[in-house]
$ cat query.tsv   # TSV, C-alpha atoms
chain	number	residue	atom	x	y	z
A	1	MET	CA	-63.14	-17.50	31.93
A	2	ARG	CA	-66.87	-17.83	31.26
A	3	ARG	CA	-67.54	-14.37	32.71
A	4	LEU	CA	-64.92	-12.80	30.47
A	5	ARG	CA	-66.40	-14.55	27.43
A	6	LEU	CA	-69.94	-13.42	28.27
A	7	ALA	CA	-68.69	-9.89	28.93
A	8	ALA	CA	-67.56	-9.88	25.30
A	9	GLY	CA	-70.90	-11.19	24.06
A	10	LEU	CA	-69.19	-14.23	22.52
A	11	SER	CA	-70.48	-17.76	22.29
A	12	GLN	CA	-68.19	-20.71	22.96
A	13	ARG	CA	-68.10	-21.41	19.23
A	14	GLU	CA	-67.05	-17.84	18.42
A	15	LEU	CA	-64.37	-17.78	21.10
A	16	ALA	CA	-63.11	-21.17	19.92
A	17	GLY	CA	-62.78	-19.73	16.43
A	18	ARG	CA	-60.73	-16.81	17.75
A	19	LEU	CA	-58.41	-19.13	19.64
A	20	ALA	CA	-58.33	-21.91	17.03
A	21	VAL	CA	-59.47	-24.61	19.46
A	22	ASP	CA	-62.38	-27.05	19.56
A	23	PRO	CA	-65.59	-25.69	21.22
A	24	THR	CA	-65.76	-28.89	23.29
A	25	TYR	CA	-62.37	-28.06	24.75
A	26	LEU	CA	-63.69	-24.66	25.85
A	27	SER	CA	-66.76	-26.27	27.37
A	28	HIS	CA	-64.57	-28.60	29.40
A	29	LEU	CA	-62.42	-25.70	30.59
A	30	GLU	CA	-65.41	-23.62	31.68
A	31	SER	CA	-66.95	-26.57	33.54
A	32	ASP	CA	-63.59	-27.29	35.23
A	33	ARG	CA	-63.27	-30.75	33.65
A	34	ARG	CA	-59.90	-29.92	32.09
A	35	ASP	CA	-56.95	-27.66	32.84
A	36	PRO	CA	-55.78	-25.21	30.17
A	37	SER	CA	-52.29	-25.30	28.72
A	38	VAL	CA	-49.92	-22.41	29.34
A	39	ARG	CA	-50.08	-21.52	25.64
A	40	PHE	CA	-53.88	-21.36	25.79
A	41	VAL	CA	-53.85	-19.12	28.86
A	42	LYS	CA	-51.47	-16.70	27.17
A	43	ARG	CA	-53.58	-16.53	24.00
A	44	PHE	CA	-56.82	-16.12	25.94
A	45	ALA	CA	-55.29	-13.37	28.10
A	46	ALA	CA	-54.07	-11.52	25.01
A	47	LEU	CA	-57.50	-11.82	23.37
A	48	VAL	CA	-59.39	-10.34	26.32
A	49	ASP	CA	-56.59	-7.88	27.12
A	50	VAL	CA	-56.13	-9.09	30.70
A	51	PRO	CA	-52.72	-9.76	32.28
A	52	VAL	CA	-51.85	-13.45	32.49
A	53	THR	CA	-50.95	-12.99	36.15
A	54	SER	CA	-54.51	-11.83	36.91
A	55	LEU	CA	-55.97	-14.98	35.35
A	56	LEU	CA	-53.54	-17.15	37.32
A	57	VAL	CA	-54.51	-15.41	40.57
A	58	VAL	CA	-58.17	-16.25	39.97
A	59	ALA	CA	-57.33	-19.84	39.00
A	60	MET	CA	-55.31	-20.36	42.20
A	61	TRP	CA	-57.76	-18.54	44.49
A	62	ASP	CA	-59.06	-21.60	46.33
A	63	GLU	CA	-55.52	-22.78	47.07
A	64	MET	CA	-54.43	-19.47	48.62
A	65	ALA	CA	-54.12	-18.77	52.30
A	66	PRO	CA	-56.48	-16.08	53.74
A	67	SER	CA	-53.62	-13.59	53.96
A	68	GLU	CA	-52.79	-14.16	50.29
A	69	GLN	CA	-56.44	-13.76	49.34
A	70	ASP	CA	-56.55	-10.41	51.14
A	71	MET	CA	-53.49	-9.31	49.17
A	72	PHE	CA	-54.96	-10.22	45.79
A	73	GLN	CA	-58.60	-9.28	46.48
A	74	PRO	CA	-58.41	-6.06	44.33
A	75	VAL	CA	-57.23	-8.09	41.33
A	76	VAL	CA	-60.11	-10.55	41.62
A	77	SER	CA	-62.69	-7.82	42.21
A	78	SER	CA	-61.62	-5.94	39.11
A	79	LEU	CA	-61.92	-9.08	36.98
A	80	MET	CA	-65.34	-9.98	38.36
A	81	HIS	CA	-66.75	-6.58	37.38
A	82	LEU	CA	-65.47	-6.45	33.84
A	83	THR	CA	-67.82	-5.09	31.17
A	84	GLU	CA	-67.81	-5.37	27.40
A	85	ALA	CA	-65.39	-2.44	27.16
A	86	VAL	CA	-62.65	-4.59	28.67
A	87	VAL	CA	-62.78	-7.13	25.86
A	88	ARG	CA	-62.15	-5.19	22.69
A	89	MET	CA	-64.23	-7.40	20.47
A	90	PRO	CA	-67.60	-6.61	18.87
A	91	ALA	CA	-70.59	-8.22	20.56
A	92	SER	CA	-72.21	-10.95	18.52
A	93	SER	CA	-75.74	-9.82	19.30
A	94	PRO	CA	-78.06	-8.22	18.60
A	95	GLY	CA	-76.23	-7.39	15.36
A	96	PRO	CA	-77.48	-5.66	12.21
A	97	LEU	CA	-78.50	-8.97	10.56
A	98	ARG	CA	-80.48	-10.37	13.48
A	99	ARG	CA	-83.89	-9.85	11.85
A	100	LEU	CA	-82.94	-11.31	8.50
A	101	SER	CA	-84.65	-14.56	7.55
A	102	VAL	CA	-84.02	-16.77	4.52
A	103	GLN	CA	-87.34	-15.58	3.05
A	104	LYS	CA	-86.29	-11.93	3.42
A	105	LEU	CA	-82.91	-12.76	1.86
A	106	VAL	CA	-84.68	-14.30	-1.15
A	107	ALA	CA	-86.74	-11.11	-1.48
A	108	VAL	CA	-83.63	-8.92	-1.27
A	109	CYS	CA	-82.05	-10.96	-4.07
A	110	ARG	CA	-85.18	-10.40	-6.21
A	111	LEU	CA	-85.45	-14.09	-7.04
A	112	SER	CA	-88.12	-16.73	-6.69
A	113	GLU	CA	-87.46	-19.47	-4.14
A	114	GLN	CA	-86.71	-21.89	-6.97
A	115	GLN	CA	-84.25	-19.49	-8.64
A	116	PHE	CA	-82.61	-18.83	-5.27
A	117	ALA	CA	-82.18	-22.56	-4.58
A	118	ARG	CA	-80.72	-23.20	-8.05
A	119	LEU	CA	-78.26	-20.33	-7.63
A	120	LEU	CA	-77.03	-21.74	-4.33
A	121	GLU	CA	-76.51	-25.15	-5.92
A	122	SER	CA	-74.72	-23.89	-9.03
A	123	ARG	CA	-72.36	-21.35	-7.46
A	124	GLU	CA	-69.17	-23.01	-8.80
A	125	LYS	CA	-70.53	-22.82	-12.35
A	126	GLU	CA	-71.32	-19.12	-11.92
A	127	TYR	CA	-67.66	-18.03	-12.05
A	128	HIS	CA	-65.02	-17.89	-14.76
A	129	GLU	CA	-61.31	-17.33	-14.27
A	130	VAL	CA	-59.24	-14.48	-15.69
A	131	SER	CA	-55.45	-14.68	-15.22
A	132	TRP	CA	-52.54	-12.47	-16.19
A	133	GLU	CA	-48.90	-12.09	-15.28
A	134	LYS	CA	-48.72	-9.42	-12.59
A	135	GLU	CA	-44.92	-9.37	-12.74
A	136	PRO	CA	-42.28	-11.84	-13.95
A	137	GLY	CA	-42.95	-15.18	-12.27
A	138	LYS	CA	-46.17	-14.05	-10.53
A	139	THR	CA	-49.66	-14.64	-11.86
A	140	ARG	CA	-52.86	-13.08	-10.56
A	141	THR	CA	-56.16	-14.91	-11.03
A	142	LEU	CA	-59.57	-13.30	-10.70
A	143	HIS	CA	-62.80	-15.25	-10.30
A	144	ILE	CA	-65.48	-13.22	-12.10
A	145	PRO	CA	-69.12	-14.04	-11.27
A	146	SER	CA	-71.79	-14.38	-13.93
A	147	GLU	CA	-74.06	-11.40	-14.57
A	148	ARG	CA	-76.85	-13.18	-12.71
A	149	LEU	CA	-74.78	-13.81	-9.58
A	150	LYS	CA	-73.09	-10.42	-9.81
A	151	ALA	CA	-76.50	-8.71	-9.73
A	152	VAL	CA	-77.45	-10.68	-6.60
A	153	GLN	CA	-74.12	-9.89	-4.93
A	154	ARG	CA	-74.60	-6.18	-5.60
A	155	LEU	CA	-78.02	-6.31	-3.97
A	156	ILE	CA	-76.55	-8.07	-0.92
A	157	LEU	CA	-73.80	-5.46	-0.80
A	158	ARG	CA	-76.22	-2.55	-1.09
A	159	TYR	CA	-78.96	-3.67	1.28
A	160	MET	CA	-77.02	-5.65	3.88
A	161	ILE	CA	-73.22	-5.57	3.95
A	162	ASP	CA	-72.87	-1.83	3.24
A	163	ARG	CA	-75.08	-1.16	6.26
A	164	VAL	CA	-72.63	-2.89	8.61
A	165	PRO	CA	-70.53	-0.22	10.38
A	166	PRO	CA	-66.91	-0.63	9.21
A	167	HIS	CA	-63.95	-0.44	11.54
A	168	PRO	CA	-62.68	3.17	11.84
A	169	CYS	CA	-59.21	2.07	10.70
A	170	SER	CA	-60.25	0.30	7.50
A	171	ALA	CA	-59.35	2.09	4.27
A	172	CYS	CA	-61.73	-0.14	2.26
A	173	VAL	CA	-64.62	2.23	2.79
A	174	LYS	CA	-66.20	4.73	0.42
A	175	GLY	CA	-64.76	8.14	1.22
A	176	ARG	CA	-61.47	6.78	2.57
A	177	GLY	CA	-59.17	4.76	0.30
A	178	ASN	CA	-55.55	5.50	-0.55
A	179	HIS	CA	-55.58	9.24	0.08
A	180	TRP	CA	-57.09	8.81	3.52
A	181	ALA	CA	-54.35	6.30	4.38
A	182	TYR	CA	-51.67	8.64	3.02
A	183	ARG	CA	-52.80	11.44	5.33
A	184	ARG	CA	-52.87	9.13	8.35
A	185	HIS	CA	-49.31	7.89	7.93
A	186	ALA	CA	-47.49	10.91	6.46
A	187	ARG	CA	-44.63	12.54	8.39
A	188	HIS	CA	-44.09	9.66	10.84
A	189	PRO	CA	-40.45	8.62	11.46
A	190	SER	CA	-41.13	4.86	11.30
A	191	MET	CA	-43.54	2.68	9.35
A	192	LEU	CA	-44.34	-1.03	9.61
A	193	ARG	CA	-45.85	-2.60	6.49
A	194	LEU	CA	-47.11	-6.20	6.53
A	195	ASP	CA	-49.03	-8.20	3.97
A	196	ILE	CA	-51.22	-11.26	4.58
A	197	SER	CA	-50.07	-14.14	2.40
A	198	ASP	CA	-52.50	-15.45	-0.29
A	199	PHE	CA	-55.31	-13.61	1.43
A	200	PHE	CA	-58.34	-14.27	-0.76
A	201	PRO	CA	-57.64	-18.01	-1.20
A	202	SER	CA	-57.02	-18.33	2.55
A	203	VAL	CA	-60.44	-16.91	3.55
A	204	GLY	CA	-62.49	-20.07	4.00
A	205	GLU	CA	-66.23	-20.52	4.25
A	206	ASP	CA	-66.05	-20.98	8.03
A	207	ALA	CA	-64.42	-17.56	8.50
A	208	VAL	CA	-67.09	-15.87	6.39
A	209	ARG	CA	-69.89	-17.75	8.16
A	210	GLU	CA	-68.49	-16.74	11.53
A	211	ALA	CA	-68.42	-13.09	10.41
A	212	PHE	CA	-72.09	-13.17	9.41
A	213	ILE	CA	-73.07	-14.90	12.67
A	214	ARG	CA	-71.10	-12.31	14.62
A	215	LEU	CA	-73.33	-9.69	12.99
A	216	GLY	CA	-76.43	-11.46	14.26
A	217	ALA	CA	-77.35	-13.68	11.31
A	218	ARG	CA	-78.93	-17.01	12.20
A	219	GLU	CA	-77.16	-20.11	10.89
A	220	PRO	CA	-79.52	-20.85	7.93
A	221	VAL	CA	-79.17	-17.23	6.77
A	222	ALA	CA	-75.41	-17.25	7.31
A	223	ASP	CA	-75.09	-20.50	5.35
A	224	ALA	CA	-77.05	-19.04	2.41
A	225	LEU	CA	-75.03	-15.81	2.43
A	226	VAL	CA	-71.79	-17.80	2.47
A	227	ARG	CA	-72.80	-19.72	-0.64
A	228	LEU	CA	-73.74	-16.47	-2.41
A	229	VAL	CA	-70.46	-14.64	-1.77
A	230	THR	CA	-67.81	-17.39	-1.69
A	231	LEU	CA	-66.45	-20.25	-3.71
A	232	PRO	CA	-65.74	-23.53	-1.90
A	233	GLU	CA	-62.98	-22.74	0.61
A	234	ARG	CA	-62.03	-19.35	-0.81
A	235	LEU	CA	-63.21	-15.76	-1.16
A	236	PRO	CA	-63.39	-14.99	-4.89
A	237	GLN	CA	-61.17	-12.07	-5.84
A	238	GLY	CA	-63.26	-10.34	-8.49
A	239	ALA	CA	-66.72	-10.52	-6.90
A	240	PRO	CA	-68.28	-7.13	-5.95
A	241	THR	CA	-68.84	-8.32	-2.37
A	242	SER	CA	-65.37	-9.68	-1.66
A	243	VAL	CA	-63.63	-6.56	-0.34
A	244	ALA	CA	-66.52	-5.78	2.02
A	245	VAL	CA	-66.65	-9.41	3.19
A	246	ALA	CA	-62.89	-9.28	3.77
A	247	ASP	CA	-63.47	-6.23	5.96
A	248	MET	CA	-65.99	-8.19	8.04
A	249	VAL	CA	-63.70	-11.19	8.38
A	250	LEU	CA	-60.73	-9.02	9.42
A	251	PHE	CA	-62.70	-6.94	11.93
A	252	PRO	CA	-61.25	-8.87	14.92
A	253	LEU	CA	-57.75	-8.20	13.60
A	254	ASP	CA	-58.55	-4.49	13.25
A	255	VAL	CA	-59.82	-4.42	16.83
A	256	ARG	CA	-56.67	-6.01	18.20
A	257	LEU	CA	-54.19	-3.95	16.20
A	258	ALA	CA	-56.06	-0.66	16.56
A	259	GLY	CA	-56.28	-1.20	20.32
A	260	MET	CA	-52.56	-1.89	20.56
A	261	ALA	CA	-51.75	1.13	18.36
A	262	GLU	CA	-53.92	3.47	20.41
A	263	LYS	CA	-52.42	2.21	23.65
A	264	HIS	CA	-48.86	2.94	22.51
A	265	GLY	CA	-49.42	6.08	20.44
A	266	PHE	CA	-49.14	4.58	16.94
A	267	THR	CA	-51.34	5.01	13.86
A	268	TYR	CA	-52.96	1.94	12.29
A	269	SER	CA	-54.80	1.32	9.04
A	270	ARG	CA	-55.57	-1.64	6.79
A	271	TYR	CA	-56.43	-1.82	3.10
A	272	VAL	CA	-57.74	-5.35	2.43
A	273	ASP	CA	-54.67	-7.49	3.29
A	274	ASP	CA	-52.16	-4.61	3.57
A	275	ILE	CA	-51.48	-3.77	7.23
A	276	THR	CA	-49.77	-0.50	8.13
A	277	LEU	CA	-48.66	1.00	11.43
A	278	SER	CA	-46.66	4.20	11.78
A	279	GLY	CA	-45.26	6.26	14.62
A	280	GLY	CA	-42.07	7.09	16.44
A	281	ASN	CA	-38.83	5.17	16.43
A	282	ARG	CA	-39.97	2.90	19.27
A	283	LEU	CA	-42.35	1.20	16.80
A	284	ALA	CA	-39.43	-1.16	16.10
A	285	ARG	CA	-39.89	-2.72	19.54
A	286	PHE	CA	-43.46	-3.74	18.67
A	287	GLU	CA	-42.90	-5.41	15.29
A	288	GLN	CA	-42.87	-8.93	16.73
A	289	THR	CA	-45.96	-8.15	18.83
A	290	VAL	CA	-47.85	-7.08	15.70
A	291	ARG	CA	-46.71	-10.18	13.82
A	292	ARG	CA	-47.80	-12.40	16.71
A	293	ILE	CA	-51.27	-10.83	16.84
A	294	VAL	CA	-51.76	-11.48	13.12
A	295	THR	CA	-50.60	-15.09	13.29
A	296	ASP	CA	-52.52	-15.78	16.51
A	297	LEU	CA	-55.72	-14.97	14.63
A	298	GLY	CA	-54.84	-17.59	12.02
A	299	TRP	CA	-53.29	-15.50	9.22
A	300	GLU	CA	-49.92	-16.04	7.57
A	301	LEU	CA	-47.69	-13.13	6.59
A	302	ASN	CA	-45.67	-12.67	3.42
A	303	GLU	CA	-41.92	-12.38	3.73
A	304	LYS	CA	-41.98	-8.98	2.06
A	305	GLY	CA	-42.62	-5.89	4.14
A	306	GLY	CA	-41.34	-4.98	7.57
A	307	LEU	CA	-40.11	-1.90	9.37
A	308	VAL	CA	-38.69	1.14	7.56
A	309	GLY	CA	-37.04	4.06	9.33
A	310	SER	CA	-36.93	7.81	8.72
A	311	ASP	CA	-33.98	7.47	6.32
A	312	GLN	CA	-35.88	5.05	4.04
A	313	ARG	CA	-38.74	5.46	1.59
A	314	HIS	CA	-42.18	5.02	3.18
A	315	SER	CA	-44.09	3.32	0.35
A	316	LEU	CA	-47.81	2.91	0.93
A	317	LEU	CA	-50.47	1.75	-1.55
A	318	GLY	CA	-48.59	3.11	-4.56
A	319	GLY	CA	-47.64	6.39	-2.92
A	320	ILE	CA	-44.78	7.81	-0.84
A	321	VAL	CA	-45.66	9.32	2.56
A	322	ASN	CA	-42.39	10.44	4.17
A	323	ALA	CA	-42.70	14.23	4.35
A	324	LYS	CA	-46.04	14.48	2.53
A	325	PRO	CA	-48.13	12.26	0.24
A	326	ASN	CA	-46.38	11.94	-3.10
A	327	VAL	CA	-45.93	9.61	-6.07
A	328	ALA	CA	-42.80	7.55	-6.61
A	329	SER	CA	-40.49	9.45	-8.98
A	330	GLU	CA	-39.98	6.30	-11.12
A	331	TYR	CA	-43.73	5.89	-11.65
A	332	TYR	CA	-44.21	9.57	-12.48
A	333	GLY	CA	-41.24	9.42	-14.85
A	334	ARG	CA	-42.64	6.42	-16.73
A	335	VAL	CA	-46.05	8.05	-17.21
A	336	ARG	CA	-44.56	11.39	-18.29
A	337	SER	CA	-42.11	9.75	-20.72
A	338	TYR	CA	-44.86	7.70	-22.37
A	339	LEU	CA	-47.05	10.80	-22.70
A	340	ARG	CA	-44.19	12.61	-24.43
A	341	LEU	CA	-43.75	9.73	-26.88
A	342	VAL	CA	-47.46	9.84	-27.68
A	343	ALA	CA	-47.33	13.63	-28.09
A	344	LYS	CA	-44.43	13.27	-30.56
A	345	GLY	CA	-46.27	10.58	-32.52
A	346	ARG	CA	-43.80	7.82	-31.64
A	347	GLU	CA	-46.41	5.79	-29.73
A	348	GLN	CA	-50.02	5.22	-30.81
A	349	PRO	CA	-52.12	3.75	-27.97
A	350	ASP	CA	-55.65	2.64	-28.79
A	351	GLU	CA	-58.66	4.25	-27.14
A	352	ASP	CA	-58.71	1.86	-24.19
A	353	ASP	CA	-54.98	2.23	-23.47
A	354	PHE	CA	-55.20	6.01	-23.67
A	355	ARG	CA	-58.11	5.99	-21.22
A	356	LYS	CA	-55.99	3.96	-18.78
A	357	LEU	CA	-53.13	6.41	-19.29
A	358	ARG	CA	-55.38	9.34	-18.42
A	359	SER	CA	-56.53	7.49	-15.29
A	360	LYS	CA	-52.91	7.18	-14.20
A	361	VAL	CA	-52.42	10.90	-14.80
A	362	GLU	CA	-55.48	11.80	-12.72
A	363	TRP	CA	-54.28	9.57	-9.89
A	364	ILE	CA	-50.86	11.29	-9.88
A	365	VAL	CA	-52.56	14.70	-9.87
A	366	SER	CA	-54.86	13.69	-7.01
A	367	VAL	CA	-51.84	12.74	-4.89
A	368	ASN	CA	-49.63	15.64	-6.00
A	369	PRO	CA	-51.67	18.58	-7.38
A	370	GLU	CA	-48.44	20.47	-8.13
A	371	ARG	CA	-47.93	18.24	-11.19
A	372	LYS	CA	-51.38	19.01	-12.62
A	373	ALA	CA	-50.43	21.79	-15.07
A	374	ALA	CA	-47.48	19.95	-16.61
A	375	LEU	CA	-49.26	16.60	-16.97
A	376	HIS	CA	-52.51	18.05	-18.32
A	377	ALA	CA	-50.53	20.01	-20.91
A	378	LEU	CA	-48.87	16.76	-22.05
A	379	VAL	CA	-52.25	15.00	-22.18
A	380	ASP	CA	-53.62	17.79	-24.40
A	381	GLU	CA	-50.58	17.54	-26.70
A	382	ALA	CA	-50.92	13.76	-26.90
A	383	LEU	CA	-54.64	14.02	-27.63
A	384	THR	CA	-54.03	16.56	-30.39
A	385	THR	CA	-51.38	14.31	-31.97
A	386	LEU	CA	-53.69	11.27	-31.86
A	387	LYS	CA	-56.50	13.25	-33.53
A	388	GLN	CA	-54.11	14.43	-36.27
A	389	GLN	CA	-52.94	10.86	-36.85
A	390	GLU	CA	-56.54	9.65	-37.07
A	391	ALA	CA	-57.42	12.43	-39.56
A	392	SER	CA	-54.36	11.57	-41.67
A	393	ILE	CA	-55.38	7.90	-41.80
A	394	ARG	CA	-58.89	8.88	-42.94
A	395	ARG	CA	-57.52	11.12	-45.71
A	396	ARG	CA	-55.30	8.30	-46.99
A	397	GLU	CA	-58.26	5.90	-46.98
A	398	LYS	CA	-60.23	8.31	-49.16
A	399	ILE	CA	-57.63	8.54	-51.89
A	400	VAL	CA	-56.94	4.81	-52.04
A	401	PRO	CA	-58.45	3.49	-55.38
A	402	GLN	CA	-61.46	1.24	-54.88
$ encode --input "query.tsv" --output "structure tokens"
Amino acid sequence: MRRLRLAAGLSQRELAGRLAVDPTYLSHLESDRRDPSVRFVKRFAALVDVPVTSLLVVAMWDEMAPSEQDMFQPVVSSLMHLTEAVVRMPASSPGPLRRLSVQKLVAVCRLSEQQFARLLESREKEYHEVSWEKEPGKTRTLHIPSERLKAVQRLILRYMIDRVPPHPCSACVKGRGNHWAYRRHARHPSMLRLDISDFFPSVGEDAVREAFIRLGAREPVADALVRLVTLPERLPQGAPTSVAVADMVLFPLDVRLAGMAEKHGFTYSRYVDDITLSGGNRLARFEQTVRRIVTDLGWELNEKGGLVGSDQRHSLLGGIVNAKPNVASEYYGRVRSYLRLVAKGREQPDEDDFRKLRSKVEWIVSVNPERKAALHALVDEALTTLKQQEASIRRREKIVPQ
């Protein structure tokens, strides 16, 4: 067990975090002072991608007769010569943050030591909440950092976090995003969509600290970074660093699911807490395996989502990806109908609302370029009508007696 852990470049503390057990328990197992439970053996075997039977053979080696040892010698030899490639987890060292000290972090943040210390102490006061009703009965709350903290977080993002190589299957990377995910999953007969429940509130400080340490940061540096990018016991949805930090925290999940997908010929991607796998019809047989991997790493799944077949709509990040990337007809219809009302003068959106409307149009066009001519013509009509209405209001204001 110790050799497999070292082959992965993991400390006892890191492995304990993966398996949700106490580091002392691992220490006792490796020093042969305790026997592992069957549940632990199964989870450890799944983590290091080694058959449970192989681990049991090694554990029972001393109790085997010579003839039995000869029979199982190839199994033991293969385990004793494992390298990092066997354990599909990123090595914790050296890591891109290994040379970062607290003093260098202060310099990156462009603060004095006193300003840095005060910012760490006052982090809870540096946020304000913004809430709105996302849909009937559901409220979304953002935690927006102050301008001072936001500036620091952007520096951390630019000079440190953005330099961490992302997982190849993450869509939360500049140059990927929704369209990249659409292309990956289009034209597959089956799709499995899962969503991590209450993701941002469930990302605790320990998970973020572990992610920074895995990248080579020493504990004092990791502790300072945690205080700069988190609230107590949650990742703030609304901070500029939060999506990138989420990517770091979920890297082990990406490794597990991408490895399983590659092994069985599926396609995997993740956009923050939205998990997607697609492939042939036999994907249905692996749904419970995927769910177990997610929950084994400590995440809870929402009830919504699940497997959809070739005769169902493959909805992904606002688009439809059955035959080719497209936009849901209902969404397109709503945008087109509202544009027509504006063009006819029956709706009068203000400047901000019209800007949002144009953003929706450009997103539709980016997914389905065939709709460009029709939608842009409607936008031009609507813009002309709004300008005429504005001119009419100005004329009326001029003739009103003072």
$ atom_distance --input "query.tsv" --atom1 "atom CA of A:Ser310" --atom2 "atom CA of A:Thr276"
15.3 Å
$ residues_near_point --input "query.tsv" --point "(-60.8, 3.7, 7.7)" --cutoff "10 Å" --atoms "all atoms listed in the file" --output "ChimeraX atom specification"
/A:166-178,180-181,184,268-271
$ residues_around --input "query.tsv" --residues "A:Ile161" --least-positions-apart "5" --cutoff "10 Å" --atoms "all atoms listed in the file" --output "list of chain:residue names"
A:Pro96, A:Leu97, A:Gln153, A:Arg154, A:Leu155, A:Ile156, A:Pro166, A:Phe212, A:Leu215, A:Thr241, A:Ala244, A:Val245, A:Asp247, A:Met248
$ closest_residue --input "query.tsv" --among "A:Arg99, A:His188, A:Arg193, A:Arg227" --to "A:Ala117" --atoms "all atoms listed in the file"
A:Arg227
$ closest_residue --input "query.tsv" --among "A:Val57, A:Leu157, A:Leu194, A:Val108" --to "A:Lys304" --atoms "only C-alpha atoms"
A:Leu194
$ atom_distance --input "query.tsv" --atom1 "atom CA of A:His179" --atom2 "atom CA of A:Val379"
23.2 Å
$ residues_around --input "query.tsv" --residues "stretch 289-291 of chain A" --least-positions-apart "2" --cutoff "9 Å" --atoms "all atoms listed in the file" --output "MDAnalysis selection string"
chainID A and resid 194 257 260 285:287 293:296 301
$ atom_distance --input "query.tsv" --atom1 "atom CA of A:Arg371" --atom2 "atom CA of A:Lys134"
27.7 Å
$ residues_around --input "query.tsv" --residues "A:Val335" --least-positions-apart "5" --cutoff "10 Å" --atoms "only C-alpha atoms" --output "PyMOL selection string"
chain A and resi 330+340+357-358+360-361+364+375
$ closest_residue --input "query.tsv" --among "A:Arg148, A:Arg334, A:His143, A:Lys324" --to "A:Arg118" --atoms "all atoms listed in the file"
A:Arg148
$ closest_residue --input "query.tsv" --among "A:Met160, A:Val152, A:Ala373, A:Val48" --to "A:Ala239" --atoms "only C-alpha atoms"
A:Val152
$ residues_near_point --input "query.tsv" --point "(-71.2, -15.6, 3.1)" --cutoff "8 Å" --atoms "all atoms listed in the file" --output "short mmCIF file (atom, residue, chain, number, x, y, z; two decimals) with C-alpha atoms, in the frame of the given file"
data_model
loop_
_atom_site.label_atom_id
_atom_site.label_comp_id
_atom_site.auth_asym_id
_atom_site.auth_seq_id
_atom_site.Cartn_x
_atom_site.Cartn_y
_atom_site.Cartn_z
CA GLU A 205 -66.23 -20.52 4.25
CA VAL A 208 -67.09 -15.87 6.39
CA ARG A 209 -69.89 -17.75 8.16
CA PHE A 212 -72.09 -13.17 9.41
CA ALA A 222 -75.41 -17.25 7.31
CA ASP A 223 -75.09 -20.50 5.35
CA ALA A 224 -77.05 -19.04 2.41
CA LEU A 225 -75.03 -15.81 2.43
CA VAL A 226 -71.79 -17.80 2.47
CA ARG A 227 -72.80 -19.72 -0.64
CA LEU A 228 -73.74 -16.47 -2.41
CA VAL A 229 -70.46 -14.64 -1.77
CA THR A 230 -67.81 -17.39 -1.69
CA VAL A 245 -66.65 -9.41 3.19
#
$ residues_around --input "query.tsv" --residues "A:His128" --least-positions-apart "3" --cutoff "10 Å" --atoms "all atoms listed in the file" --output "count of residues only"
8
